[in-house]
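Chemist: Please find target-v3.cif (mmCIF, C-alpha atoms) on the next line:
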data_model
#
loop_
_atom_site.label_atom_id
_atom_site.label_comp_id
_atom_site.auth_asym_id
_atom_site.auth_seq_id
_atom_site.Cartn_x
_atom_site.Cartn_y
_atom_site.Cartn_z
CA MET A 1 -98.49 96.57 58.41
CA ALA A 2 -100.78 94.43 60.51
CA SER A 3 -99.31 91.73 62.64
CA GLU A 4 -101.40 88.63 63.25
CA THR A 5 -100.13 85.36 64.61
CA ASN A 6 -101.14 82.50 66.83
CA GLY A 7 -98.77 83.40 69.63
CA PRO A 8 -95.10 84.22 69.83
CA ASP A 9 -93.84 81.03 68.18
CA ALA A 10 -94.76 79.27 64.95
CA PRO A 11 -96.89 76.15 65.57
CA ALA A 12 -94.88 72.94 65.93
CA LYS A 13 -97.64 70.64 64.66
CA ILE A 14 -100.49 70.84 62.18
CA TRP A 15 -103.22 69.84 64.61
CA ASN A 16 -102.97 72.86 66.89
CA ARG A 17 -106.09 74.44 68.42
CA ALA A 18 -106.28 77.38 66.02
CA PHE A 19 -105.92 75.21 62.90
CA CYS A 20 -108.55 72.73 64.12
CA SER A 21 -111.00 75.57 64.83
CA ILE A 22 -110.44 77.07 61.37
CA LEU A 23 -110.76 73.70 59.64
CA LEU A 24 -114.04 72.88 61.41
CA ALA A 25 -115.50 76.34 60.78
CA ASN A 26 -114.56 76.12 57.11
CA ALA A 27 -116.02 72.60 56.79
CA VAL A 28 -119.37 73.60 58.30
CA MET A 29 -119.43 76.78 56.21
CA ASN A 30 -118.87 74.77 53.00
CA LEU A 31 -121.51 72.25 54.05
CA CYS A 32 -124.04 75.08 54.36
CA GLN A 33 -123.02 76.58 51.02
CA HIS A 34 -123.53 73.32 49.13
CA MET A 35 -126.81 72.69 50.93
CA ILE A 36 -128.08 76.04 49.69
CA ASN A 37 -126.77 75.46 46.16
CA ALA A 38 -128.74 72.20 46.05
CA LEU A 39 -131.93 73.76 47.43
CA LEU A 40 -132.21 77.02 45.51
CA PRO A 41 -132.78 75.68 41.96
CA LYS A 42 -135.46 73.26 43.19
CA TYR A 43 -137.12 75.97 45.29
CA VAL A 44 -137.26 78.47 42.42
CA ASP A 45 -138.54 75.75 40.08
CA SER A 46 -141.26 74.88 42.60
CA MET A 47 -142.35 78.54 42.45
CA GLY A 48 -143.10 78.03 38.75
CA LEU A 49 -140.36 80.36 37.51
CA GLN A 50 -138.37 79.93 34.30
CA ALA A 51 -134.97 78.28 33.96
CA THR A 52 -133.43 81.64 33.03
CA THR A 53 -134.48 82.98 36.44
CA ILE A 54 -132.77 80.04 38.12
CA GLY A 55 -129.61 80.81 36.14
CA MET A 56 -129.70 84.47 37.14
CA LEU A 57 -130.19 83.61 40.81
CA MET A 58 -127.33 81.12 40.86
CA SER A 59 -124.87 83.36 38.98
CA ALA A 60 -125.68 86.43 41.13
CA TYR A 61 -123.70 84.82 43.96
CA THR A 62 -120.54 84.46 41.87
CA PHE A 63 -120.81 88.00 40.53
CA THR A 64 -121.04 89.71 43.92
CA ALA A 65 -118.40 87.43 45.45
CA LEU A 66 -116.00 88.28 42.62
CA VAL A 67 -116.56 92.03 42.94
CA LEU A 68 -116.23 92.09 46.74
CA ARG A 69 -113.02 90.04 46.69
CA PHE A 70 -111.22 93.17 45.49
CA VAL A 71 -112.22 94.75 48.81
CA ALA A 72 -111.74 91.64 50.95
CA GLY A 73 -107.97 91.42 50.47
CA PRO A 74 -107.09 94.89 51.80
CA VAL A 75 -109.64 94.54 54.63
CA MET A 76 -108.15 91.23 55.76
CA ASP A 77 -104.61 92.64 55.65
CA THR A 78 -105.67 95.58 57.83
CA TYR A 79 -108.04 94.17 60.45
CA ASN A 80 -108.26 91.01 62.54
CA LYS A 81 -109.25 88.13 60.23
CA LYS A 82 -110.92 86.27 63.10
CA TYR A 83 -113.57 88.96 63.53
CA ILE A 84 -113.95 89.56 59.81
CA ALA A 85 -114.73 85.84 59.38
CA THR A 86 -117.12 85.91 62.35
CA ILE A 87 -119.11 88.87 61.01
CA ALA A 88 -119.21 87.35 57.51
CA MET A 89 -120.51 84.01 58.83
CA ILE A 90 -123.26 85.83 60.69
CA GLY A 91 -124.10 87.44 57.35
CA LEU A 92 -124.37 83.98 55.81
CA ALA A 93 -126.80 82.91 58.55
CA VAL A 94 -128.94 85.98 57.79
CA ALA A 95 -128.92 85.15 54.07
CA TYR A 96 -129.89 81.51 54.64
CA ALA A 97 -132.69 82.44 57.02
CA GLY A 98 -133.74 85.07 54.48
CA PHE A 99 -134.31 82.40 51.85
CA GLY A 100 -136.70 80.74 54.29
CA VAL A 101 -138.89 83.84 54.61
CA SER A 102 -138.68 84.99 50.98
CA LYS A 103 -142.00 85.29 49.20
CA SER A 104 -140.73 86.63 45.86
CA ILE A 105 -137.80 86.24 43.51
CA SER A 106 -136.69 89.81 44.28
CA MET A 107 -136.31 88.92 47.98
CA MET A 108 -134.42 85.76 47.10
CA MET A 109 -132.13 87.72 44.77
CA ALA A 110 -131.36 90.21 47.55
CA PHE A 111 -130.37 87.44 49.98
CA ARG A 112 -128.39 85.66 47.23
CA LEU A 113 -126.44 88.88 46.64
CA LEU A 114 -125.81 89.11 50.40
CA GLN A 115 -124.59 85.51 50.43
CA GLY A 116 -122.09 86.23 47.66
CA ALA A 117 -120.92 89.45 49.29
CA VAL A 118 -120.10 87.92 52.68
CA MET A 119 -118.71 84.71 51.19
CA ALA A 120 -116.08 86.88 49.49
CA PHE A 121 -114.66 87.36 52.99
CA CYS A 122 -115.46 83.97 54.58
CA ASN A 123 -113.49 81.46 52.56
CA ALA A 124 -110.56 83.82 51.90
CA CYS A 125 -110.30 84.59 55.64
CA CYS A 126 -110.30 80.91 56.53
CA LEU A 127 -107.54 80.11 54.02
CA ALA A 128 -105.41 83.04 55.21
CA MET A 129 -105.82 82.12 58.89
CA ALA A 130 -105.13 78.44 58.21
CA SER A 131 -101.89 79.33 56.42
CA GLU A 132 -100.75 81.29 59.49
CA ASN A 133 -101.16 78.25 61.76
CA ILE A 134 -99.32 75.55 59.80
CA PRO A 135 -95.71 74.48 60.46
CA LYS A 136 -93.46 75.52 57.56
CA ASP A 137 -92.15 71.99 57.01
CA LYS A 138 -95.72 70.65 56.67
CA TYR A 139 -97.23 73.51 54.71
CA ALA A 140 -98.62 71.56 51.74
CA SER A 141 -99.94 68.86 54.08
CA GLY A 142 -101.70 71.48 56.19
CA ILE A 143 -103.34 73.18 53.20
CA GLY A 144 -104.36 69.73 51.96
CA TYR A 145 -106.10 68.96 55.26
CA PHE A 146 -107.70 72.41 55.30
CA SER A 147 -109.08 71.98 51.77
CA LEU A 148 -110.92 68.84 52.90
CA GLY A 149 -113.57 71.18 54.30
CA MET A 150 -114.60 72.00 50.74
CA VAL A 151 -114.58 68.31 49.78
CA ILE A 152 -116.74 67.30 52.75
CA GLY A 153 -119.20 70.10 52.03
CA GLN A 154 -119.39 69.17 48.35
CA ALA A 155 -119.99 65.51 49.15
CA LEU A 156 -122.47 65.87 52.03
CA GLY A 157 -124.19 69.20 51.36
CA PRO A 158 -126.62 68.14 48.62
CA VAL A 159 -127.39 64.81 50.36
CA VAL A 160 -128.13 66.46 53.73
CA ALA A 161 -130.17 69.24 52.12
CA LEU A 162 -132.36 66.88 50.10
CA GLU A 163 -132.93 64.56 53.07
CA LEU A 164 -133.98 67.48 55.28
CA LEU A 165 -136.16 68.81 52.47
CA GLY A 166 -138.01 65.51 52.30
CA TRP A 167 -138.60 65.49 56.06
CA MET A 168 -139.30 69.14 56.84
CA GLY A 169 -139.81 71.19 53.69
CA TYR A 170 -137.96 74.19 52.33
CA ARG A 171 -138.46 76.73 55.10
CA ALA A 172 -137.29 74.50 57.96
CA THR A 173 -134.29 73.33 55.91
CA TYR A 174 -133.24 76.93 55.26
CA PHE A 175 -133.53 77.71 58.98
CA ILE A 176 -131.48 74.63 59.91
CA THR A 177 -128.81 75.73 57.44
CA ALA A 178 -128.80 79.16 59.09
CA GLY A 179 -128.37 77.45 62.47
CA LEU A 180 -125.40 75.47 61.15
CA SER A 181 -123.86 78.72 59.96
CA ILE A 182 -124.15 80.07 63.52
CA ILE A 183 -122.30 76.96 64.71
CA ALA A 184 -119.53 77.78 62.20
CA THR A 185 -119.47 81.30 63.65
CA LEU A 186 -118.96 79.93 67.17
CA MET A 187 -116.12 77.73 65.90
CA ALA A 188 -114.47 80.79 64.36
CA LEU A 189 -114.70 82.58 67.71
CA LEU A 190 -112.71 79.75 69.30
CA ILE A 191 -109.67 80.71 67.22
CA LYS A 192 -106.98 82.21 69.43
CA ASN A 193 -104.74 84.75 67.74
CA SER A 194 -102.84 87.87 68.68
CA PHE A 195 -103.36 90.92 66.47
CA THR A 196 -101.95 94.42 66.26
CA GLN A 197 -103.26 96.87 63.68
CA THR A 198 -100.42 99.03 62.39
CA LYS A 199 -101.80 100.53 59.18
CA LYS A 200 -104.90 102.22 57.80
CA LEU A 201 -107.23 100.61 55.30
CA VAL A 202 -106.27 101.45 51.70
CA ILE A 203 -108.32 99.88 48.92
CA SER A 204 -106.48 99.87 45.62
CA PHE A 205 -105.69 97.43 42.86
CA LYS A 206 -102.21 96.91 44.31
CA SER A 207 -103.52 96.18 47.81
CA ALA A 208 -106.29 93.91 46.49
CA ILE A 209 -104.22 91.76 44.12
CA ALA A 210 -101.08 89.92 45.23
CA PHE A 211 -99.05 90.08 42.02
CA GLU A 212 -96.32 87.98 43.61
CA ALA A 213 -98.89 85.15 43.79
CA MET A 214 -100.06 85.58 40.21
CA PHE A 215 -98.66 82.32 38.78
CA PRO A 216 -100.37 79.89 41.19
CA SER A 217 -103.57 81.96 40.95
CA LEU A 218 -103.51 81.67 37.15
CA LEU A 219 -102.91 77.95 37.63
CA LEU A 220 -106.09 77.77 39.73
CA ALA A 221 -108.05 79.60 37.03
CA LEU A 222 -106.92 77.04 34.43
CA LEU A 223 -107.84 74.16 36.74
CA TYR A 224 -111.31 75.55 37.42
CA ILE A 225 -111.99 76.12 33.73
CA SER A 226 -111.77 72.35 33.33
CA ILE A 227 -113.39 71.42 36.66
CA SER A 228 -116.45 73.57 35.88
CA ALA A 229 -117.14 71.47 32.77
CA VAL A 230 -117.59 68.42 35.00
CA ASN A 231 -119.85 70.30 37.42
CA SER A 232 -121.95 71.69 34.57
CA PHE A 233 -122.32 68.79 32.14
CA LEU A 234 -121.27 65.42 33.56
CA ILE A 235 -124.76 64.31 34.67
CA VAL A 236 -126.40 65.43 31.41
CA PHE A 237 -123.68 63.73 29.34
CA ALA A 238 -123.97 60.49 31.33
CA GLU A 239 -127.72 60.36 30.70
CA LYS A 240 -127.15 60.87 26.96
CA GLN A 241 -124.66 57.98 27.09
CA GLY A 242 -127.30 55.72 28.63
CA VAL A 243 -126.12 55.95 32.25
CA THR A 244 -129.36 57.13 33.79
CA GLN A 245 -129.02 55.72 37.31
CA ASN A 246 -126.47 56.17 40.08
CA ILE A 247 -124.32 58.69 38.17
CA GLY A 248 -124.17 60.55 41.48
CA LEU A 249 -121.72 57.81 42.44
CA TYR A 250 -119.11 59.73 40.39
CA PHE A 251 -119.23 62.65 42.83
CA THR A 252 -119.37 60.37 45.88
CA VAL A 253 -116.29 58.41 44.78
CA TYR A 254 -114.54 61.63 43.76
CA ALA A 255 -115.08 63.12 47.22
CA LEU A 256 -114.18 59.94 49.13
CA VAL A 257 -110.94 59.42 47.19
CA MET A 258 -110.00 63.07 47.74
CA LEU A 259 -110.30 62.53 51.49
CA LEU A 260 -107.30 60.23 51.06
CA THR A 261 -105.41 61.93 48.24
CA ARG A 262 -105.26 65.48 49.52
CA PRO A 263 -103.39 64.73 52.78
CA LEU A 264 -101.24 62.06 51.06
CA LEU A 265 -100.25 64.22 48.12
CA GLY A 266 -99.71 67.17 50.45
CA LYS A 267 -97.14 65.12 52.36
CA LEU A 268 -95.45 64.15 49.08
CA THR A 269 -95.32 67.81 48.07
CA ASP A 270 -93.68 68.76 51.36
CA ARG A 271 -91.14 65.99 50.86
CA HIS A 272 -90.40 66.19 47.12
CA GLY A 273 -91.49 69.63 45.96
CA LEU A 274 -94.35 71.06 43.92
CA LEU A 275 -93.47 69.98 40.38
CA LYS A 276 -92.84 66.31 41.19
CA VAL A 277 -96.42 66.01 42.42
CA LEU A 278 -98.17 68.60 40.22
CA ILE A 279 -97.13 67.17 36.82
CA PRO A 280 -98.28 63.57 37.50
CA SER A 281 -101.49 64.94 39.02
CA LEU A 282 -102.22 67.00 35.91
CA CYS A 283 -101.63 63.85 33.83
CA ALA A 284 -104.21 62.04 35.99
CA GLY A 285 -106.70 64.87 35.38
CA ILE A 286 -106.11 64.69 31.63
CA ALA A 287 -106.64 60.92 31.67
CA ALA A 288 -109.92 61.42 33.58
CA PHE A 289 -111.27 63.71 30.84
CA ILE A 290 -110.24 61.29 28.08
CA ILE A 291 -112.06 58.44 29.85
CA ILE A 292 -115.18 60.57 30.39
CA SER A 293 -115.29 61.45 26.69
CA VAL A 294 -115.70 57.77 25.72
CA SER A 295 -117.65 56.53 28.76
CA ASN A 296 -120.96 54.74 28.29
CA ALA A 297 -121.07 52.70 31.50
CA LEU A 298 -121.09 53.59 35.19
CA TRP A 299 -117.82 51.77 35.93
CA SER A 300 -115.90 53.95 33.45
CA PHE A 301 -117.30 57.15 34.97
CA VAL A 302 -116.26 55.88 38.43
CA THR A 303 -112.77 55.13 37.08
CA ALA A 304 -112.60 58.69 35.82
CA ALA A 305 -113.69 59.92 39.25
CA VAL A 306 -110.75 58.15 40.90
CA LEU A 307 -108.28 59.67 38.43
CA ALA A 308 -109.88 63.11 38.78
CA ALA A 309 -109.50 62.89 42.56
CA PHE A 310 -105.78 62.17 42.19
CA GLY A 311 -105.58 64.95 39.60
CA PHE A 312 -107.61 67.90 40.82
CA GLY A 313 -107.48 66.62 44.39
CA ALA A 314 -103.76 67.39 44.43
CA CYS A 315 -103.53 70.32 42.01
CA VAL A 316 -105.92 72.70 43.78
CA PRO A 317 -104.34 72.59 47.29
CA ILE A 318 -100.84 72.59 45.74
CA ALA A 319 -101.64 75.82 43.89
CA GLN A 320 -103.15 77.31 47.06
CA THR A 321 -100.04 76.33 49.00
CA GLN A 322 -97.79 78.00 46.45
CA THR A 323 -99.93 81.15 46.59
CA MET A 324 -99.52 81.51 50.35
CA LYS A 325 -95.80 80.73 50.13
CA SER A 326 -95.35 83.51 47.58
CA VAL A 327 -96.24 86.38 49.92
CA ALA A 328 -95.12 87.86 53.20
CA ASN A 329 -97.34 87.33 56.25
CA GLU A 330 -98.90 90.79 55.99
CA ARG A 331 -100.07 90.06 52.40
CA ARG A 332 -101.81 86.76 53.04
CA GLY A 333 -105.24 88.36 52.95
CA ALA A 334 -104.57 89.75 49.47
CA ALA A 335 -103.04 86.44 48.37
CA SER A 336 -106.03 84.43 49.60
CA SER A 337 -108.45 86.84 47.95
CA THR A 338 -106.44 86.71 44.69
CA ASN A 339 -106.73 82.91 44.82
CA TYR A 340 -110.50 83.03 44.96
CA ILE A 341 -110.77 85.81 42.34
CA PHE A 342 -109.03 83.58 39.80
CA MET A 343 -111.02 80.53 40.88
CA ASP A 344 -114.25 82.48 40.29
CA ILE A 345 -112.98 83.65 36.89
CA GLY A 346 -112.14 80.04 36.01
CA VAL A 347 -115.66 78.91 36.93
CA LEU A 348 -117.30 81.70 34.91
CA VAL A 349 -115.12 81.10 31.86
CA GLY A 350 -115.27 77.32 32.08
CA SER A 351 -119.03 76.96 32.48
CA ASN A 352 -119.69 79.26 29.51
CA LEU A 353 -116.87 77.89 27.33
CA SER A 354 -117.86 74.28 27.88
CA GLY A 355 -121.46 75.09 26.96
CA LEU A 356 -120.31 76.82 23.78
CA LEU A 357 -118.12 73.84 22.86
CA VAL A 358 -121.00 71.40 23.42
CA GLN A 359 -123.25 73.48 21.21
CA SER A 360 -120.61 73.74 18.46
CA PHE A 361 -118.89 70.33 18.49
CA GLY A 362 -120.82 67.97 20.79
CA TYR A 363 -120.11 66.49 24.21
CA SER A 364 -117.25 64.11 23.40
CA ALA A 365 -115.31 66.81 21.59
CA MET A 366 -115.92 69.22 24.48
CA TRP A 367 -114.35 66.83 27.01
CA ASN A 368 -111.27 66.45 24.84
CA LEU A 369 -110.98 70.18 24.13
CA MET A 370 -111.32 71.02 27.83
CA ILE A 371 -108.05 69.14 28.37
CA ALA A 372 -106.30 72.16 26.82
CA PRO A 373 -106.28 74.26 30.06
CA LEU A 374 -104.65 71.34 31.90
CA VAL A 375 -102.00 70.92 29.19
CA PHE A 376 -101.33 74.65 29.29
CA ALA A 377 -101.06 74.52 33.10
CA MET A 378 -98.51 71.71 32.78
CA GLY A 379 -96.43 73.60 30.23
CA ALA A 380 -96.56 76.82 32.25
CA SER A 381 -95.47 74.98 35.40
CA ILE A 382 -92.46 73.45 33.66
CA PHE A 383 -91.57 76.83 32.12
CA ALA A 384 -91.82 78.53 35.54
CA ARG A 385 -89.91 75.81 37.42
CA ASN A 386 -87.03 78.16 38.35
CA ALA A 387 -89.44 80.76 39.73
CA ILE A 388 -91.23 78.04 41.70
CA SER A 389 -87.91 76.90 43.17
CA ARG A 390 -87.05 80.48 44.19
CA VAL A 391 -90.37 80.81 46.03
CA GLU A 392 -89.74 77.52 47.86
CA LYS A 393 -86.22 78.59 48.83
CA SER A 394 -87.32 82.04 50.00
CA PHE A 395 -90.19 80.58 52.02
CA ASN A 396 -87.91 78.12 53.81
CA GLU A 397 -85.34 80.84 54.56
CA ASN A 398 -87.85 83.42 55.82
CA MET A 399 -89.76 80.98 58.02
CA SER A 400 -86.72 79.31 59.57
#
Once more with this new file: its structure as structure tokens, please.

Modeler:
Amino acid sequence: MASETNGPDAPAKIWNRAFCSILLANAVMNLCQHMINALLPKYVDSMGLQATTIGMLMSAYTFTALVLRFVAGPVMDTYNKKYIATIAMIGLAVAYAGFGVSKSISMMMAFRLLQGAVMAFCNACCLAMASENIPKDKYASGIGYFSLGMVIGQALGPVVALELLGWMGYRATYFITAGLSIIATLMALLIKNSFTQTKKLVISFKSAIAFEAMFPSLLLALLYISISAVNSFLIVFAEKQGVTQNIGLYFTVYALVMLLTRPLLGKLTDRHGLLKVLIPSLCAGIAAFIIISVSNALWSFVTAAVLAAFGFGACVPIAQTQTMKSVANERRGAASSTNYIFMDIGVLVGSNLSGLLVQSFGYSAMWNLMIAPLVFAMGASIFARNAISRVEKSFNENMS
């Protein structure tokens, strides 16, 4: 098996050099991703193409990322993750620059497929490397801090992209995004780790999927089924409820509150265990959906955003923490990749299911029905409490 660590001893504090480099690289990478996701639909629409083409272009990324994740796990568990992440981030820069020179939808589709393919390695590599550079007694806190990169990107990416678009146009904005991706690459190169390759690459279902991390990965899928409903339909629903201005404040408040909740709830998880934080957080997420379903004013949507931040803001990094605790060091690449496979499945299922529910029963009913995955996640967590405790105990024993 491959051996990859940040030196002979486990880190004594979260804010070590390797962790900081990984966190910054991941934050910039996520910023670029959300900038592109904000730009592409507008760019394709400006080309006079149909909405179905926009949908195909946006979903192509998820499809290729999902397929390549089955390769990413074994690759990361065989070779040095630092250089895999570096090469993948260069691939992202090429894709982003490619959008800037694309003259046809076929060219854009090719670069979108490239973006999805290399992203299958990027975010999984960053999570795996971050988990290797966190003290065992602060594991949930460390994953919580690491996950802030996604929050920051989600909050700032669309704003930065649209501001640059207004100043410089599409092509320059794409090139700037490519330049930011190169900066993320340089940050990844700053990571110091020792690595010894001791096995050959074998790509199989067993090497790609970490079955020992199946429960927290399924938990992530359930969470993202519900989260995707918000991403897909909240703005449209708010407009139908008469909230036509400043609904973007929901996402701003959601991101800002998560900047506080993820580190805080991570510390509580380290101190009191997974279930004592996960169950109340799922209750907060359920309450957020109930409030959304009856909201007809901006203040109620903002209230829901605060509850959602306490809910999903805790649940996602907690599930990721449990995934990485479930596997041995040499399987962290597969575990990280398994995480993202189930997250992608959750997004695909959730976005389509929520649309079907809206069409069949209406928006308010959809919000209430999309609580079901969260209720199921709560029940499954309580049912699996003994297995969760065994993982915690084994992790503490093996890392001591």

Chemist: Fewer than 4 positions away in the same chain doesn't count, so skip those; otherwise give me all residues within 8 Å of A:Ser351, counting all atoms listed in the file, as a VMD selection string.

Modeler: chain A and resid 225 228 to 229 232 347 355

Chemist: Find the residues around A:Phe237 up to 10 Å (all atoms listed in the file counted), leave out those fewer than 3 positions away in its own chain, and share them as a compact mmCIF listing (two decimals) with C-alpha atoms, in the coordinates of the input.

Modeler:
# COMPACT_ATOMS: atom_id res chain seq x y z
CA VAL A 230 -117.59 68.42 35.00
CA SER A 232 -121.95 71.69 34.57
CA PHE A 233 -122.32 68.79 32.14
CA LEU A 234 -121.27 65.42 33.56
CA LYS A 240 -127.15 60.87 26.96
CA GLN A 241 -124.66 57.98 27.09
CA GLY A 242 -127.30 55.72 28.63
CA VAL A 243 -126.12 55.95 32.25
CA THR A 244 -129.36 57.13 33.79
CA ILE A 292 -115.18 60.57 30.39
CA SER A 293 -115.29 61.45 26.69
CA SER A 295 -117.65 56.53 28.76
CA ASN A 296 -120.96 54.74 28.29
CA GLY A 362 -120.82 67.97 20.79
CA TYR A 363 -120.11 66.49 24.21
CA SER A 364 -117.25 64.11 23.40

Chemist: Return the single residue from A:Val277, A:Phe342, A:Ala287, A:Thr261 that is closest to A:Phe310, with distances computed using all atoms listed in the file.

Modeler: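 Smallest distance to A:Phe310 is found for A:Thr261.
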
Chemist: To test your reading of the syntax: which residues would the PyMOL selection byres ((chain A and resi 62-67) around 10) return for the file shown? Reply as number ranges by chain.

Modeler: A: 57-61, 68-72, 112-121, 337-338, 340-345, 347-348

Chemist: Find, counting all atoms listed in the file, the residue in A:Ala334, A:Met168, A:Ile286, A:Leu256 that gets nearest to A:Thr78.

Modeler: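 Among A:Ala334, A:Met168, A:Ile286, A:Leu256, it is A:Ala334 that comes nearest to A:Thr78.
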
Chemist: So, with only C-alpha atoms as the atoms that count, which of A:Leu275, A:Lys200, A:Arg171, A:Ile105 lies closest to A:Asp45?

Modeler: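 Looking only at the distances to A:Asp45, the closest residue turns out to be A:Ile105.
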
Chemist: What is the atom CA of A:Asp77 to atom CA of A:Leu201 distance in Å?

Modeler: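 Going from atom CA of A:Asp77 over to atom CA of A:Leu201, I get 8.4 Å.
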
Chemist: As a check of understanding, name the residues that the PyMOL selection byres ((chain A and resi 43) around 12) selects in the supplied structure, as an MDAnalysis selection string.

Modeler: chainID A and resid 36:42 44:51 53:54 57:58 99:100 102:105 108 161:162 165 169:171 173:174
